[in-house]
>>> print(open('work.txt').read())   # compact mmCIF, C-alpha atoms (C1' of nucleotides)
# COMPACT_ATOMS: atom_id res chain seq x y z
CA MET A 1 -15.64 -23.27 -54.74
CA THR A 2 -17.07 -20.61 -52.50
CA LYS A 3 -15.09 -17.82 -50.97
CA LYS A 4 -14.46 -18.55 -47.35
CA VAL A 5 -16.00 -15.91 -45.15
CA LYS A 6 -15.03 -15.84 -41.55
CA GLU A 7 -18.03 -15.43 -39.37
CA ILE A 8 -17.67 -12.60 -36.92
CA ILE A 9 -20.10 -12.43 -34.04
CA PRO A 10 -19.98 -8.86 -32.80
CA CYS A 11 -19.89 -8.70 -29.04
CA ASP A 12 -22.90 -6.87 -27.69
CA ASP A 13 -24.13 -6.00 -24.23
CA SER A 14 -24.66 -9.64 -23.41
CA CYS A 15 -20.95 -10.36 -23.72
CA PRO A 16 -20.06 -11.89 -20.37
CA VAL A 17 -16.55 -10.48 -20.43
CA LYS A 18 -17.90 -6.99 -20.88
CA ALA A 19 -20.48 -7.48 -18.16
CA THR A 20 -17.84 -8.64 -15.70
CA LEU A 21 -15.49 -5.85 -16.71
CA LYS A 22 -18.18 -3.35 -15.95
CA ILE A 23 -18.07 -4.27 -12.28
CA LEU A 24 -14.52 -5.45 -11.80
CA GLY A 25 -12.77 -3.28 -14.35
CA GLY A 26 -11.78 -0.41 -12.09
CA LYS A 27 -8.20 0.32 -11.21
CA TRP A 28 -8.61 -0.70 -7.57
CA THR A 29 -11.56 -3.06 -7.52
CA LEU A 30 -9.85 -6.42 -7.81
CA LEU A 31 -7.10 -5.30 -5.48
CA ILE A 32 -9.62 -4.45 -2.78
CA LEU A 33 -11.49 -7.72 -3.19
CA PHE A 34 -8.17 -9.53 -3.09
CA GLN A 35 -7.27 -7.86 0.18
CA ILE A 36 -10.60 -8.58 1.83
CA ASN A 37 -10.53 -12.13 0.52
CA ASP A 38 -12.37 -14.52 2.81
CA ASP A 39 -11.55 -12.40 5.82
CA VAL A 40 -13.06 -9.47 7.68
CA MET A 41 -11.33 -6.17 7.06
CA ARG A 42 -11.77 -2.82 8.72
CA TYR A 43 -11.55 0.33 6.70
CA GLY A 44 -8.22 1.27 8.26
CA GLU A 45 -6.80 -2.17 7.67
CA LEU A 46 -7.62 -1.93 4.00
CA LYS A 47 -6.02 1.48 3.86
CA ARG A 48 -2.83 0.06 5.28
CA ALA A 49 -3.02 -2.95 3.00
CA ILE A 50 -3.22 -0.75 -0.10
CA PRO A 51 -1.07 2.21 0.86
CA GLU A 52 -1.17 4.00 -2.49
CA ILE A 53 -4.92 4.31 -2.64
CA SER A 54 -6.40 7.60 -1.51
CA GLU A 55 -9.12 7.61 1.11
CA LYS A 56 -11.51 8.98 -1.42
CA MET A 57 -10.98 6.16 -3.86
CA LEU A 58 -11.08 3.51 -1.19
CA ILE A 59 -14.42 4.69 0.15
CA GLN A 60 -15.78 5.26 -3.32
CA GLU A 61 -14.86 1.74 -4.39
CA LEU A 62 -16.15 0.18 -1.20
CA ASN A 63 -19.46 1.97 -1.58
CA MET A 64 -19.68 0.77 -5.15
CA LEU A 65 -18.92 -2.80 -4.14
CA VAL A 66 -21.54 -2.67 -1.39
CA GLU A 67 -24.04 -1.30 -3.86
CA LYS A 68 -23.22 -4.07 -6.34
CA LYS A 69 -23.62 -6.58 -3.52
CA LEU A 70 -20.11 -7.94 -3.71
CA VAL A 71 -19.21 -6.62 -0.28
CA SER A 72 -21.20 -6.27 2.92
CA LYS A 73 -20.57 -3.56 5.46
CA LYS A 74 -21.15 -3.61 9.17
CA ALA A 75 -20.74 -0.44 11.19
CA TYR A 76 -20.55 -0.58 14.98
CA PRO A 77 -22.02 2.37 16.84
CA GLU A 78 -18.81 3.10 18.68
CA ILE A 79 -16.48 5.99 19.13
CA PRO A 80 -14.09 5.97 17.39
CA PRO A 81 -16.08 4.26 14.69
CA ARG A 82 -15.48 0.71 13.59
CA VAL A 83 -16.60 -0.57 10.23
CA GLU A 84 -16.07 -4.05 8.93
CA TYR A 85 -16.15 -5.20 5.36
CA ARG A 86 -16.38 -8.72 4.09
CA LEU A 87 -17.26 -10.43 0.83
CA THR A 88 -20.81 -11.52 0.20
CA ASP A 89 -21.55 -14.85 -1.42
CA LEU A 90 -21.45 -13.09 -4.75
CA GLY A 91 -18.18 -11.42 -3.85
CA LEU A 92 -16.66 -14.73 -2.90
CA LYS A 93 -17.33 -15.88 -6.42
CA THR A 94 -14.79 -13.36 -7.67
CA LEU A 95 -12.00 -15.10 -5.80
CA PRO A 96 -11.36 -17.61 -8.60
CA ILE A 97 -10.93 -14.67 -10.96
CA ILE A 98 -8.45 -13.10 -8.61
CA ALA A 99 -6.65 -16.40 -8.24
CA THR A 100 -5.99 -16.48 -11.97
CA PHE A 101 -4.66 -12.92 -11.78
CA VAL A 102 -2.33 -13.94 -8.98
CA GLU A 103 -1.10 -16.96 -10.87
CA PHE A 104 -0.52 -15.10 -14.11
CA GLY A 105 1.33 -12.36 -12.29
CA GLN A 106 3.50 -14.69 -10.30
CA GLU A 107 4.49 -16.87 -13.20
CA ASN A 108 4.98 -14.30 -15.89
CA LEU A 109 5.49 -10.86 -14.49
CA VAL A 110 6.77 -10.25 -10.97
CA MET B 1 -3.18 -11.75 27.60
CA THR B 2 -1.79 -9.73 24.75
CA LYS B 3 -3.79 -7.46 22.53
CA LYS B 4 -4.50 -9.14 19.24
CA VAL B 5 -2.96 -7.25 16.37
CA LYS B 6 -3.95 -8.20 12.91
CA GLU B 7 -0.97 -8.38 10.67
CA ILE B 8 -1.35 -6.34 7.53
CA ILE B 9 1.06 -6.96 4.71
CA PRO B 10 0.91 -3.87 2.55
CA CYS B 11 0.80 -4.73 -1.12
CA ASP B 12 3.78 -3.27 -2.92
CA ASP B 13 4.97 -3.37 -6.49
CA SER B 14 5.51 -7.09 -6.27
CA CYS B 15 1.80 -7.73 -5.75
CA PRO B 16 0.90 -10.14 -8.53
CA VAL B 17 -2.61 -8.76 -8.84
CA LYS B 18 -1.27 -5.28 -9.39
CA ALA B 19 1.30 -6.49 -11.88
CA THR B 20 -1.34 -8.31 -13.91
CA LEU B 21 -3.69 -5.37 -13.70
CA LYS B 22 -1.00 -3.14 -15.12
CA ILE B 23 -1.10 -5.06 -18.39
CA LEU B 24 -4.65 -6.33 -18.52
CA GLY B 25 -6.42 -3.52 -16.68
CA GLY B 26 -7.40 -1.41 -19.66
CA LYS B 27 -10.98 -0.95 -20.70
CA TRP B 28 -10.58 -2.99 -23.87
CA THR B 29 -7.62 -5.25 -23.26
CA LEU B 30 -9.31 -8.42 -22.07
CA LEU B 31 -12.04 -8.01 -24.63
CA ILE B 32 -9.50 -7.93 -27.44
CA LEU B 33 -7.63 -10.96 -26.13
CA PHE B 34 -10.96 -12.74 -25.76
CA GLN B 35 -11.82 -12.06 -29.37
CA ILE B 36 -8.48 -13.17 -30.72
CA ASN B 37 -8.55 -16.23 -28.49
CA ASP B 38 -6.70 -19.16 -30.03
CA ASP B 39 -7.50 -17.93 -33.50
CA VAL B 40 -5.97 -15.63 -36.10
CA MET B 41 -7.69 -12.30 -36.43
CA ARG B 42 -7.23 -9.54 -38.94
CA TYR B 43 -7.49 -5.94 -37.86
CA GLY B 44 -10.78 -5.47 -39.64
CA GLU B 45 -12.20 -8.62 -38.14
CA LEU B 46 -11.42 -7.39 -34.66
CA LYS B 47 -13.03 -4.08 -35.49
CA ARG B 48 -16.21 -5.84 -36.50
CA ALA B 49 -16.04 -8.12 -33.47
CA ILE B 50 -15.87 -5.15 -31.10
CA PRO B 51 -18.00 -2.57 -32.83
CA GLU B 52 -17.91 0.07 -30.08
CA ILE B 53 -14.18 0.41 -29.98
CA SER B 54 -12.66 3.28 -31.89
CA GLU B 55 -9.95 2.61 -34.45
CA LYS B 56 -7.55 4.60 -32.38
CA MET B 57 -8.09 2.52 -29.26
CA LEU B 58 -7.98 -0.75 -31.14
CA ILE B 59 -4.63 0.04 -32.74
CA GLN B 60 -3.28 1.52 -29.55
CA GLU B 61 -4.21 -1.56 -27.54
CA LEU B 62 -2.91 -3.93 -30.19
CA ASN B 63 0.41 -2.11 -30.29
CA MET B 64 0.60 -2.28 -26.52
CA LEU B 65 -0.17 -5.98 -26.54
CA VAL B 66 2.46 -6.62 -29.19
CA GLU B 67 4.97 -4.63 -27.19
CA LYS B 68 4.12 -6.60 -24.05
CA LYS B 69 4.52 -9.80 -26.06
CA LEU B 70 1.00 -11.03 -25.54
CA VAL B 71 0.12 -10.71 -29.21
CA SER B 72 2.12 -11.24 -32.37
CA LYS B 73 1.52 -9.31 -35.56
CA LYS B 74 2.13 -10.35 -39.11
CA ALA B 75 1.73 -7.86 -41.92
CA TYR B 76 1.57 -9.04 -45.51
CA PRO B 77 3.02 -6.68 -48.13
CA GLU B 78 -0.17 -6.58 -50.13
CA ILE B 79 -2.55 -4.01 -51.41
CA PRO B 80 -4.94 -3.59 -49.78
CA PRO B 81 -2.96 -4.37 -46.64
CA ARG B 82 -3.52 -7.46 -44.58
CA VAL B 83 -2.42 -7.74 -40.97
CA GLU B 84 -2.94 -10.74 -38.79
CA TYR B 85 -2.90 -10.87 -35.04
CA ARG B 86 -2.68 -13.92 -32.84
CA LEU B 87 -1.84 -14.66 -29.23
CA THR B 88 1.71 -15.55 -28.32
CA ASP B 89 2.44 -18.31 -25.84
CA LEU B 90 2.32 -15.69 -23.12
CA GLY B 91 -0.93 -14.32 -24.46
CA LEU B 92 -2.46 -17.77 -24.47
CA LYS B 93 -1.80 -17.88 -20.74
CA THR B 94 -4.36 -15.12 -20.26
CA LEU B 95 -7.13 -17.33 -21.59
CA PRO B 96 -7.77 -18.96 -18.19
CA ILE B 97 -8.22 -15.48 -16.74
CA ILE B 98 -10.70 -14.65 -19.44
CA ALA B 99 -12.47 -17.95 -18.90
CA THR B 100 -13.15 -16.98 -15.28
CA PHE B 101 -14.51 -13.63 -16.45
CA VAL B 102 -16.83 -15.40 -18.86
CA GLU B 103 -18.03 -17.78 -16.19
CA PHE B 104 -18.63 -15.09 -13.61
CA GLY B 105 -20.49 -12.97 -16.11
CA GLN B 106 -22.65 -15.79 -17.37
CA GLU B 107 -23.62 -17.08 -13.97
CA ASN B 108 -24.12 -13.84 -12.11
CA LEU B 109 -24.67 -10.96 -14.44
CA VAL B 110 -25.92 -11.39 -17.99
C1' DA C 1 -9.55 22.75 26.81
C1' DA C 2 -7.07 20.71 23.35
C1' DT C 3 -5.78 16.45 21.14
C1' DT C 4 -6.46 11.95 19.32
C1' DA C 5 -8.72 8.25 17.17
C1' DA C 6 -11.39 6.11 12.95
C1' DT C 7 -14.52 6.62 9.25
C1' DC C 8 -16.39 9.18 6.05
C1' DT C 9 -18.03 13.55 2.95
C1' DA C 10 -17.61 17.45 -0.04
C1' DA C 11 -15.43 20.77 -2.99
C1' DC C 12 -12.20 21.64 -6.10
C1' DC C 13 -8.52 20.76 -9.42
C1' DA C 14 -5.15 17.84 -12.20
C1' DA C 15 -4.04 13.97 -14.88
C1' DA C 16 -4.98 10.04 -17.52
C1' DA C 17 -7.82 7.53 -20.55
C1' DA C 18 -10.81 7.41 -24.15
C1' DG C 19 -13.61 9.38 -28.02
C1' DT C 20 -13.99 12.07 -32.54
C1' DA C 21 -12.96 13.30 -36.88
C1' DA C 22 -10.14 13.87 -40.39
C1' DG C 23 -6.32 12.49 -43.22
C1' DT C 24 -2.56 9.12 -45.41
C1' DA C 25 -1.12 5.32 -48.35
C1' DC C 26 -1.62 2.29 -52.23
C1' DC C 27 -3.44 -0.33 -55.91
C1' DC C 28 -7.56 -2.14 -58.06
C1' DT C 29 -11.99 -1.80 -60.37
C1' DA C 30 -15.58 0.56 -62.68
C1' DT D 1 -10.86 9.82 -62.98
C1' DA D 2 -13.55 8.62 -59.23
C1' DG D 3 -14.44 5.54 -55.62
C1' DG D 4 -13.50 1.50 -52.72
C1' DG D 5 -10.89 -1.43 -49.73
C1' DT D 6 -7.61 -2.01 -45.58
C1' DA D 7 -4.78 -0.51 -42.01
C1' DC D 8 -3.29 2.86 -39.78
C1' DT D 9 -1.93 8.10 -37.89
C1' DT D 10 -2.59 12.62 -36.04
C1' DA D 11 -4.63 16.51 -33.69
C1' DC D 12 -8.05 17.81 -30.82
C1' DT D 13 -11.81 17.44 -27.33
C1' DT D 14 -14.36 15.20 -23.83
C1' DT D 15 -14.96 12.03 -20.17
C1' DT D 16 -13.41 9.49 -16.56
C1' DT D 17 -10.56 8.85 -12.92
C1' DG D 18 -7.74 10.28 -9.27
C1' DG D 19 -5.54 13.56 -5.86
C1' DT D 20 -5.72 17.21 -2.26
C1' DT D 21 -7.51 19.60 1.28
C1' DA D 22 -10.60 20.59 4.69
C1' DG D 23 -14.11 19.31 7.79
C1' DA D 24 -17.81 16.49 10.62
C1' DT D 25 -18.31 13.31 14.28
C1' DT D 26 -17.86 12.44 19.56
C1' DA D 27 -16.03 9.80 23.54
C1' DA D 28 -11.82 9.08 25.85
C1' DT D 29 -7.37 10.62 26.93
C1' DT D 30 -3.74 14.31 28.19
>>> encode(input="work.txt", output="structure tokens")
Amino acid sequence: MTKKVKEIIPCDDSCPVKATLKILGGKWTLLILFQINDDVMRYGELKRAIPEISEKMLIQELNMLVEKKLVSKKAYPEIPPRVEYRLTDLGLKTLPIIATFVEFGQENLV
Amino acid sequence: MTKKVKEIIPCDDSCPVKATLKILGGKWTLLILFQINDDVMRYGELKRAIPEISEKMLIQELNMLVEKKLVSKKAYPEIPPRVEYRLTDLGLKTLPIIATFVEFGQENLV
DNA sequence: AATTAATCTAACCAAAAAGTAAGTACCCTA
DNA sequence: TAGGGTACTTACTTTTTGGTTAGATTAATT
């Protein structure tokens, strides 16, 4: 009779949960994606949709999301300026994640 | 012809995404739940499964998860000590969330 | 001529989260 | 009697994150 040894596979950098967390793990990230959803949102609209976020964080997160190619940005050369954000194809793929967040929250928390 | 006004519903404390984020938003939380999964895990096993986490953070997160009723803890009065963690019914409900993280990571990142 | 509007930037500081390192407890084995 | 195993705990420091304030832009409105 051999001693049973539980095999532990240490999670490394290829852990998909970790990889996803790296992009979506911020305090505001999922909330912003959730608000944009499959719509077009202006900067000011997002600000009103997430009132507690500071302008700095909103811009910072949006820039990050554009850089990571989850969000595309279109600025119109107008005065006053108009900038529209929407999800890219990659960004749209986060919507199922957000849907599970919504469901868990609705059924168990709020 | 009336000016089109986009209706913005500001997300308040009842936003399900925010509520879920409040519990699952930590740097290590989802990773720990992912490792426990539908299994029984000892403290030391979790430590080996997530090598980069510090003991302090692991304990802190586990305590938080027990307090939030996502994880149950069973300590055996033995020397050396043995403590087992497993997901509660509520904790098991986070597995679909984690599954979407895994899928997104596998298909788009790793 | 001053004000307003919308989007963004930069500098600075505060708070929160996470990391580090050491120590505690207890019995067993060598 | 020294060291090892397991699960924590504490005090301290660093890093990350977030908040505040001020300012740039420039055409149209007051």
>>> interface_residues(input="work.txt", of="chain B", to="chain C", cutoff="10 Å", atoms="all atoms listed in the file", output="list of chain:residue names")
B:Gly26, B:Lys27, B:Ile53, B:Ser54, B:Lys56, B:Met57, B:Glu78, B:Ile79, B:Pro80, B:Pro81
>>> residues_around(input="work.txt", residues="region 37-47 of chain A", least_positions_apart="5", cutoff="7 Å", atoms="all atoms listed in the file", output="CSV table (one decimal) with C-alpha atoms, in the frame of the given file")
chain,number,residue,atom,x,y,z
A,83,VAL,CA,-16.6,-0.6,10.2
A,84,GLU,CA,-16.1,-4.0,8.9
A,85,TYR,CA,-16.2,-5.2,5.4
A,86,ARG,CA,-16.4,-8.7,4.1
A,87,LEU,CA,-17.3,-10.4,0.8
B,8,ILE,CA,-1.4,-6.3,7.5
>>> interface_residues(input="work.txt", of="chain D", to="chain B", cutoff="12 Å", atoms="only C-alpha atoms (C1' of nucleotides)", output="MDAnalysis selection string")
chainID D and resid 4:10 16
>>> closest_atom_pairs(input="work.txt", of="chain B", to="chain A", cutoff="10 Å", atoms="all atoms listed in the file", output="Markdown table")
| residue | atom | partner | partner_atom | distance |
| --- | --- | --- | --- | --- |
| B:Lys6 | CA | A:Glu45 | CA | 8.5 |
| B:Glu7 | CA | A:Glu45 | CA | 9.0 |
| B:Ile8 | CA | A:Ala49 | CA | 5.9 |
| B:Ile9 | CA | A:Ala49 | CA | 6.0 |
| B:Pro10 | CA | A:Ala49 | CA | 4.1 |
| B:Cys11 | CA | A:Ile50 | CA | 5.7 |
| B:Asp12 | CA | A:Ile50 | CA | 8.0 |
| B:Asp13 | CA | A:Val110 | CA | 8.4 |
| B:Ser14 | CA | A:Val110 | CA | 5.8 |
| B:Cys15 | CA | A:Val110 | CA | 7.6 |
| B:Pro16 | CA | A:Gly105 | CA | 4.4 |
| B:Val17 | CA | A:Val102 | CA | 5.2 |
| B:Lys18 | CA | A:Leu31 | CA | 7.0 |
| B:Ala19 | CA | A:Gly105 | CA | 5.9 |
| B:Thr20 | CA | A:Gly105 | CA | 5.1 |
| B:Leu21 | CA | A:Lys27 | CA | 7.7 |
| B:Lys22 | CA | A:Lys27 | CA | 8.9 |
| B:Ile23 | CA | A:Leu109 | CA | 9.6 |
| B:Leu24 | CA | A:Phe101 | CA | 9.4 |
| B:Gly25 | CA | A:Gly25 | CA | 6.8 |
| B:Gly26 | CA | A:Gly25 | CA | 7.8 |
| B:Lys27 | CA | A:Gly25 | CA | 7.0 |
| B:Trp28 | CA | A:Lys18 | CA | 8.9 |
| B:Leu30 | CA | A:Val17 | CA | 7.7 |
| B:Leu31 | CA | A:Val17 | CA | 6.6 |
| B:Phe34 | CA | A:Val17 | CA | 8.0 |
| B:Gln35 | CA | A:Cys11 | CA | 8.7 |
| B:Met41 | CA | A:Lys6 | CA | 9.6 |
| B:Glu45 | CA | A:Ile8 | CA | 6.9 |
| B:Leu46 | CA | A:Ile8 | CA | 8.4 |
| B:Lys47 | CA | A:Pro10 | CA | 8.9 |
| B:Arg48 | CA | A:Pro10 | CA | 6.1 |
| B:Ala49 | CA | A:Pro10 | CA | 4.1 |
| B:Ile50 | CA | A:Cys11 | CA | 5.7 |
| B:Pro51 | CA | A:Pro10 | CA | 6.6 |
| B:Glu52 | CA | A:Asp12 | CA | 8.9 |
| B:Leu90 | CA | A:Asn108 | CA | 7.8 |
| B:Lys93 | CA | A:Phe104 | CA | 7.3 |
| B:Thr94 | CA | A:Phe104 | CA | 7.3 |
| B:Leu95 | CA | A:Thr100 | CA | 9.7 |
| B:Pro96 | CA | A:Thr100 | CA | 6.9 |
| B:Ile97 | CA | A:Thr100 | CA | 5.4 |
| B:Ile98 | CA | A:Val17 | CA | 7.3 |
| B:Ala99 | CA | A:Val17 | CA | 8.6 |
| B:Thr100 | CA | A:Ile97 | CA | 5.4 |
| B:Phe101 | CA | A:Val17 | CA | 5.5 |
| B:Val102 | CA | A:Pro16 | CA | 5.0 |
| B:Glu103 | CA | A:Pro16 | CA | 7.5 |
| B:Phe104 | CA | A:Thr20 | CA | 6.8 |
| B:Gly105 | CA | A:Pro16 | CA | 4.4 |
| B:Gln106 | CA | A:Pro16 | CA | 5.6 |
| B:Glu107 | CA | A:Pro16 | CA | 9.0 |
| B:Asn108 | CA | A:Leu90 | CA | 7.9 |
| B:Leu109 | CA | A:Ala19 | CA | 6.6 |
| B:Val110 | CA | A:Ser14 | CA | 5.8 |
>>> calpha_fit_and_write(input="work.txt", fixed="chain A", moving="chain B", output="JSON list (two decimals) with C-alpha atoms, keeping the file's coordinate frame")
[["chain", "number", "residue", "atom", "x", "y", "z"],
["B", 1, "MET", "CA", -15.90, -23.34, -54.62],
["B", 2, "THR", "CA", -17.29, -20.61, -52.44],
["B", 3, "LYS", "CA", -15.30, -17.81, -50.93],
["B", 4, "LYS", "CA", -14.58, -18.52, -47.31],
["B", 5, "VAL", "CA", -16.13, -15.91, -45.07],
["B", 6, "LYS", "CA", -15.14, -15.87, -41.48],
["B", 7, "GLU", "CA", -18.12, -15.43, -39.28],
["B", 8, "ILE", "CA", -17.74, -12.60, -36.83],
["B", 9, "ILE", "CA", -20.15, -12.42, -33.94],
["B", 10, "PRO", "CA", -20.01, -8.85, -32.72],
["B", 11, "CYS", "CA", -19.89, -8.67, -28.96],
["B", 12, "ASP", "CA", -22.88, -6.77, -27.63],
["B", 13, "ASP", "CA", -24.07, -5.88, -24.17],
["B", 14, "SER", "CA", -24.60, -9.52, -23.35],
["B", 15, "CYS", "CA", -20.89, -10.27, -23.68],
["B", 16, "PRO", "CA", -19.98, -11.82, -20.34],
["B", 17, "VAL", "CA", -16.47, -10.40, -20.43],
["B", 18, "LYS", "CA", -17.82, -6.91, -20.86],
["B", 19, "ALA", "CA", -20.39, -7.39, -18.13],
["B", 20, "THR", "CA", -17.75, -8.57, -15.68],
["B", 21, "LEU", "CA", -15.40, -5.80, -16.69],
["B", 22, "LYS", "CA", -18.10, -3.27, -15.94],
["B", 23, "ILE", "CA", -17.99, -4.21, -12.27],
["B", 24, "LEU", "CA", -14.44, -5.38, -11.79],
["B", 25, "GLY", "CA", -12.68, -3.19, -14.34],
["B", 26, "GLY", "CA", -11.70, -0.34, -12.06],
["B", 27, "LYS", "CA", -8.12, 0.40, -11.19],
["B", 28, "TRP", "CA", -8.52, -0.68, -7.58],
["B", 29, "THR", "CA", -11.47, -3.03, -7.54],
["B", 30, "LEU", "CA", -9.78, -6.40, -7.81],
["B", 31, "LEU", "CA", -7.05, -5.30, -5.46],
["B", 32, "ILE", "CA", -9.59, -4.45, -2.78],
["B", 33, "LEU", "CA", -11.45, -7.73, -3.20],
["B", 34, "PHE", "CA", -8.12, -9.53, -3.07],
["B", 35, "GLN", "CA", -7.26, -7.88, 0.21],
["B", 36, "ILE", "CA", -10.60, -8.58, 1.82],
["B", 37, "ASN", "CA", -10.52, -12.14, 0.52],
["B", 38, "ASP", "CA", -12.36, -14.53, 2.81],
["B", 39, "ASP", "CA", -11.56, -12.39, 5.81],
["B", 40, "VAL", "CA", -13.10, -9.46, 7.67],
["B", 41, "MET", "CA", -11.39, -6.17, 7.07],
["B", 42, "ARG", "CA", -11.85, -2.82, 8.72],
["B", 43, "TYR", "CA", -11.60, 0.34, 6.68],
["B", 44, "GLY", "CA", -8.31, 1.29, 8.26],
["B", 45, "GLU", "CA", -6.89, -2.15, 7.69],
["B", 46, "LEU", "CA", -7.67, -1.93, 4.01],
["B", 47, "LYS", "CA", -6.07, 1.48, 3.89],
["B", 48, "ARG", "CA", -2.88, 0.08, 5.34],
["B", 49, "ALA", "CA", -3.05, -2.95, 3.06],
["B", 50, "ILE", "CA", -3.22, -0.75, -0.04],
["B", 51, "PRO", "CA", -1.10, 2.21, 0.91],
["B", 52, "GLU", "CA", -1.19, 3.99, -2.46],
["B", 53, "ILE", "CA", -4.93, 4.28, -2.65],
["B", 54, "SER", "CA", -6.45, 7.56, -1.61],
["B", 55, "GLU", "CA", -9.16, 7.62, 1.04],
["B", 56, "LYS", "CA", -11.56, 8.96, -1.50],
["B", 57, "MET", "CA", -11.02, 6.10, -3.92],
["B", 58, "LEU", "CA", -11.12, 3.47, -1.21],
["B", 59, "ILE", "CA", -14.47, 4.67, 0.11],
["B", 60, "GLN", "CA", -15.83, 5.20, -3.36],
["B", 61, "GLU", "CA", -14.89, 1.69, -4.44],
["B", 62, "LEU", "CA", -16.19, 0.14, -1.24],
["B", 63, "ASN", "CA", -19.51, 1.91, -1.65],
["B", 64, "MET", "CA", -19.70, 0.71, -5.22],
["B", 65, "LEU", "CA", -18.92, -2.84, -4.18],
["B", 66, "VAL", "CA", -21.55, -2.73, -1.46],
["B", 67, "GLU", "CA", -24.06, -1.38, -3.93],
["B", 68, "LYS", "CA", -23.21, -4.13, -6.40],
["B", 69, "LYS", "CA", -23.60, -6.66, -3.58],
["B", 70, "LEU", "CA", -20.08, -7.97, -3.75],
["B", 71, "VAL", "CA", -19.20, -6.65, -0.31],
["B", 72, "SER", "CA", -21.20, -6.29, 2.88],
["B", 73, "LYS", "CA", -20.60, -3.55, 5.41],
["B", 74, "LYS", "CA", -21.21, -3.57, 9.11],
["B", 75, "ALA", "CA", -20.82, -0.40, 11.12],
["B", 76, "TYR", "CA", -20.65, -0.55, 14.90],
["B", 77, "PRO", "CA", -22.11, 2.44, 16.76],
["B", 78, "GLU", "CA", -18.92, 3.10, 18.66],
["B", 79, "ILE", "CA", -16.55, 5.93, 19.18],
["B", 80, "PRO", "CA", -14.16, 5.89, 17.49],
["B", 81, "PRO", "CA", -16.13, 4.26, 14.69],
["B", 82, "ARG", "CA", -15.57, 0.73, 13.56],
["B", 83, "VAL", "CA", -16.67, -0.54, 10.17],
["B", 84, "GLU", "CA", -16.14, -4.03, 8.91],
["B", 85, "TYR", "CA", -16.18, -5.19, 5.34],
["B", 86, "ARG", "CA", -16.39, -8.73, 4.07],
["B", 87, "LEU", "CA", -17.23, -10.44, 0.80],
["B", 88, "THR", "CA", -20.78, -11.55, 0.17],
["B", 89, "ASP", "CA", -21.50, -14.89, -1.45],
["B", 90, "LEU", "CA", -21.39, -13.12, -4.78],
["B", 91, "GLY", "CA", -18.14, -11.43, -3.88],
["B", 92, "LEU", "CA", -16.60, -14.74, -2.91],
["B", 93, "LYS", "CA", -17.26, -15.88, -6.47],
["B", 94, "THR", "CA", -14.71, -13.35, -7.69],
["B", 95, "LEU", "CA", -11.94, -15.10, -5.81],
["B", 96, "PRO", "CA", -11.29, -17.61, -8.62],
["B", 97, "ILE", "CA", -10.85, -14.66, -10.98],
["B", 98, "ILE", "CA", -8.37, -13.11, -8.62],
["B", 99, "ALA", "CA", -6.59, -16.43, -8.22],
["B", 100, "THR", "CA", -5.92, -16.50, -11.97],
["B", 101, "PHE", "CA", -4.56, -12.95, -11.77],
["B", 102, "VAL", "CA", -2.24, -13.98, -8.97],
["B", 103, "GLU", "CA", -1.03, -17.00, -10.88],
["B", 104, "PHE", "CA", -0.44, -15.13, -14.10],
["B", 105, "GLY", "CA", 1.41, -12.40, -12.29],
["B", 106, "GLN", "CA", 3.58, -14.76, -10.30],
["B", 107, "GLU", "CA", 4.55, -16.93, -13.21],
["B", 108, "ASN", "CA", 5.05, -14.33, -15.89],
["B", 109, "LEU", "CA", 5.59, -10.92, -14.45],
["B", 110, "VAL", "CA", 6.84, -10.35, -10.92]]
>>> residues_around(input="work.txt", residues="region 67-69 of chain A", least_positions_apart="2", cutoff="8 Å", atoms="all atoms listed in the file", output="number ranges by chain")
A: 23, 63-65, 71-72, 88, 90-91
>>> atom_distance(input="work.txt", atom1="CA of Gln60 (chain B)", atom2="CA of Thr29 (chain B)")
10.2 Å
>>> atom_distance(input="work.txt", atom1="C1' of DT15 (chain D)", atom2="CA of Leu58 (chain B)")
18.2 Å
>>> decode(input="work.txt", residues="region 34-39 of chain B", atoms="N, CA, C and O atoms", output="PDB file, in the first residue's frame")
ATOM      1  N   PHE B  34     -10.260  29.071  -7.702  1.00  0.00           N
ATOM      2  CA  PHE B  34      -9.974  28.197  -8.848  1.00  0.00           C
ATOM      3  C   PHE B  34      -9.183  26.972  -8.407  1.00  0.00           C
ATOM      4  O   PHE B  34      -9.439  25.849  -8.856  1.00  0.00           O
ATOM      5  N   GLN B  35      -8.247  27.174  -7.518  1.00  0.00           N
ATOM      6  CA  GLN B  35      -7.424  26.058  -7.057  1.00  0.00           C
ATOM      7  C   GLN B  35      -8.205  25.114  -6.161  1.00  0.00           C
ATOM      8  O   GLN B  35      -8.031  23.897  -6.230  1.00  0.00           O
ATOM      9  N   ILE B  36      -9.032  25.656  -5.310  1.00  0.00           N
ATOM     10  CA  ILE B  36      -9.839  24.769  -4.462  1.00  0.00           C
ATOM     11  C   ILE B  36     -10.816  23.998  -5.338  1.00  0.00           C
ATOM     12  O   ILE B  36     -10.974  22.791  -5.212  1.00  0.00           O
ATOM     13  N   ASN B  37     -11.484  24.750  -6.210  1.00  0.00           N
ATOM     14  CA  ASN B  37     -12.446  24.151  -7.141  1.00  0.00           C
ATOM     15  C   ASN B  37     -13.439  23.251  -6.405  1.00  0.00           C
ATOM     16  O   ASN B  37     -13.885  23.610  -5.324  1.00  0.00           O
ATOM     17  N   ASP B  38     -13.759  22.103  -6.963  1.00  0.00           N
ATOM     18  CA  ASP B  38     -14.721  21.246  -6.257  1.00  0.00           C
ATOM     19  C   ASP B  38     -13.997  20.171  -5.441  1.00  0.00           C
ATOM     20  O   ASP B  38     -14.492  19.066  -5.252  1.00  0.00           O
ATOM     21  N   ASP B  39     -12.836  20.541  -4.965  1.00  0.00           N
ATOM     22  CA  ASP B  39     -11.978  19.601  -4.270  1.00  0.00           C
ATOM     23  C   ASP B  39     -11.838  20.006  -2.796  1.00  0.00           C
ATOM     24  O   ASP B  39     -12.448  20.968  -2.350  1.00  0.00           O
TER      25      ASP B  39
END
